[in-house]
Amino acid sequence: MFCPKCGKAIKDDAKFCKYCGTQISKNNQSVNVNSDASYDSKSNNTKILVVAIVVAAIVLVALVFAALSLTSDNNGDDAKAVEANNESSVVVTSSSSSSSQSSSASAEKSWVSVGSFSGSGSGSQSISVPSGQIRIDISAFPIKNYATNHLYLTGSNGESAGVDWGSTSAVASKSDSVSFTSSSTTTFTIDYYETESWSVEVYRYQ
């Protein structure tokens, strides 16, 4: 029991406080007992409150971790979906690019042979050249270096090409070329003299 005045511990059956001399009555004892009970009750309530707070904190932490885990899974699925979409887009783009390149390649023009003529010795002949953007390549090799060795190409449209050798020329091949654009078929005359071999190649750009 405690003294109601000075608060020091005294015997439960004491009638006076040995420290301050206050008279201890039964009412005081009852009050002290009730105070102790009240103190114990408050202590128990505090313990319960602490336990409740701890449990609530644990539950809250568990909920937070669950929410974070769910969010992470969703982000992973979204990332996979985005990656899948990107791959699909890449495939489509690649296909489109291939088609574009294929179309470009098919539309690209080049020189295509549309006629080839050759011979030797001396003589002449006429050939027919189609319309369009035309290129004609000629070449010849002489029998020997006569002053009159030659290969001449003359067209009805005024275009011409030719090679010849003089008496001091080296016995070697010579070549020439002519290019033009015509809206109709053109006739060319090939005139050759004292040649070991000659050739005329006609190309059209298409």
# chains A, B, ... in the order shown; residues from 1 in each chain; ligands from 1
>>> residues_around(residues="Ser124 (chain A)", least_positions_apart="5", cutoff="9 Å", atoms="only C-alpha atoms", output="PDB file with C-alpha atoms, in the first residue's frame")
ATOM      1  CA  THR A 189      24.279  -0.039-143.651  1.00  0.00           C
ATOM      2  CA  ILE A 190      27.379  -1.933-142.557  1.00  0.00           C
ATOM      3  CA  ASP A 191      30.342  -1.447-144.954  1.00  0.00           C
ATOM      4  CA  TYR A 192      33.531  -3.430-144.276  1.00  0.00           C
ATOM      5  CA  TYR A 193      36.772  -3.947-146.210  1.00  0.00           C
TER       6      TYR A 193
END
>>> residues_around(residues="Ala172 (chain A)", least_positions_apart="5", cutoff="12 Å", atoms="only C-alpha atoms", output="list of chain:residue names")
A:Ser139, A:Ala140, A:Phe141, A:Pro142, A:Ile143, A:Lys144, A:Asn145, A:Asn149, A:Val163, A:Asp164, A:Trp165, A:Gly166, A:Thr195, A:Glu196, A:Ser197, A:Trp198
>>> residues_around(residues="Glu159 (chain A)", least_positions_apart="3", cutoff="8 Å", atoms="only C-alpha atoms", output="VMD selection string")
chain A and resid 154 to 156 178 180
>>> write_last_selection(atoms="N, CA, C and O atoms", output="compact mmCIF listing (two decimals), in the first residue's frame")
# COMPACT_ATOMS: atom_id res chain seq x y z
N THR A 154 26.42 3.32 -141.19
CA THR A 154 25.71 4.55 -141.54
C THR A 154 24.20 4.31 -141.47
O THR A 154 23.68 3.35 -142.05
N GLY A 155 23.49 5.24 -140.77
CA GLY A 155 22.05 5.07 -140.60
C GLY A 155 21.25 6.03 -141.44
O GLY A 155 21.72 7.12 -141.82
N SER A 156 19.99 5.65 -141.74
CA SER A 156 19.11 6.51 -142.53
C SER A 156 18.71 7.76 -141.75
O SER A 156 18.20 8.72 -142.33
N VAL A 178 27.87 4.43 -131.13
CA VAL A 178 26.97 5.54 -131.40
C VAL A 178 25.69 5.31 -130.60
O VAL A 178 25.22 4.18 -130.48
N PHE A 180 21.61 7.00 -129.77
CA PHE A 180 20.58 7.94 -130.23
C PHE A 180 19.21 7.43 -129.76
O PHE A 180 19.08 6.30 -129.28
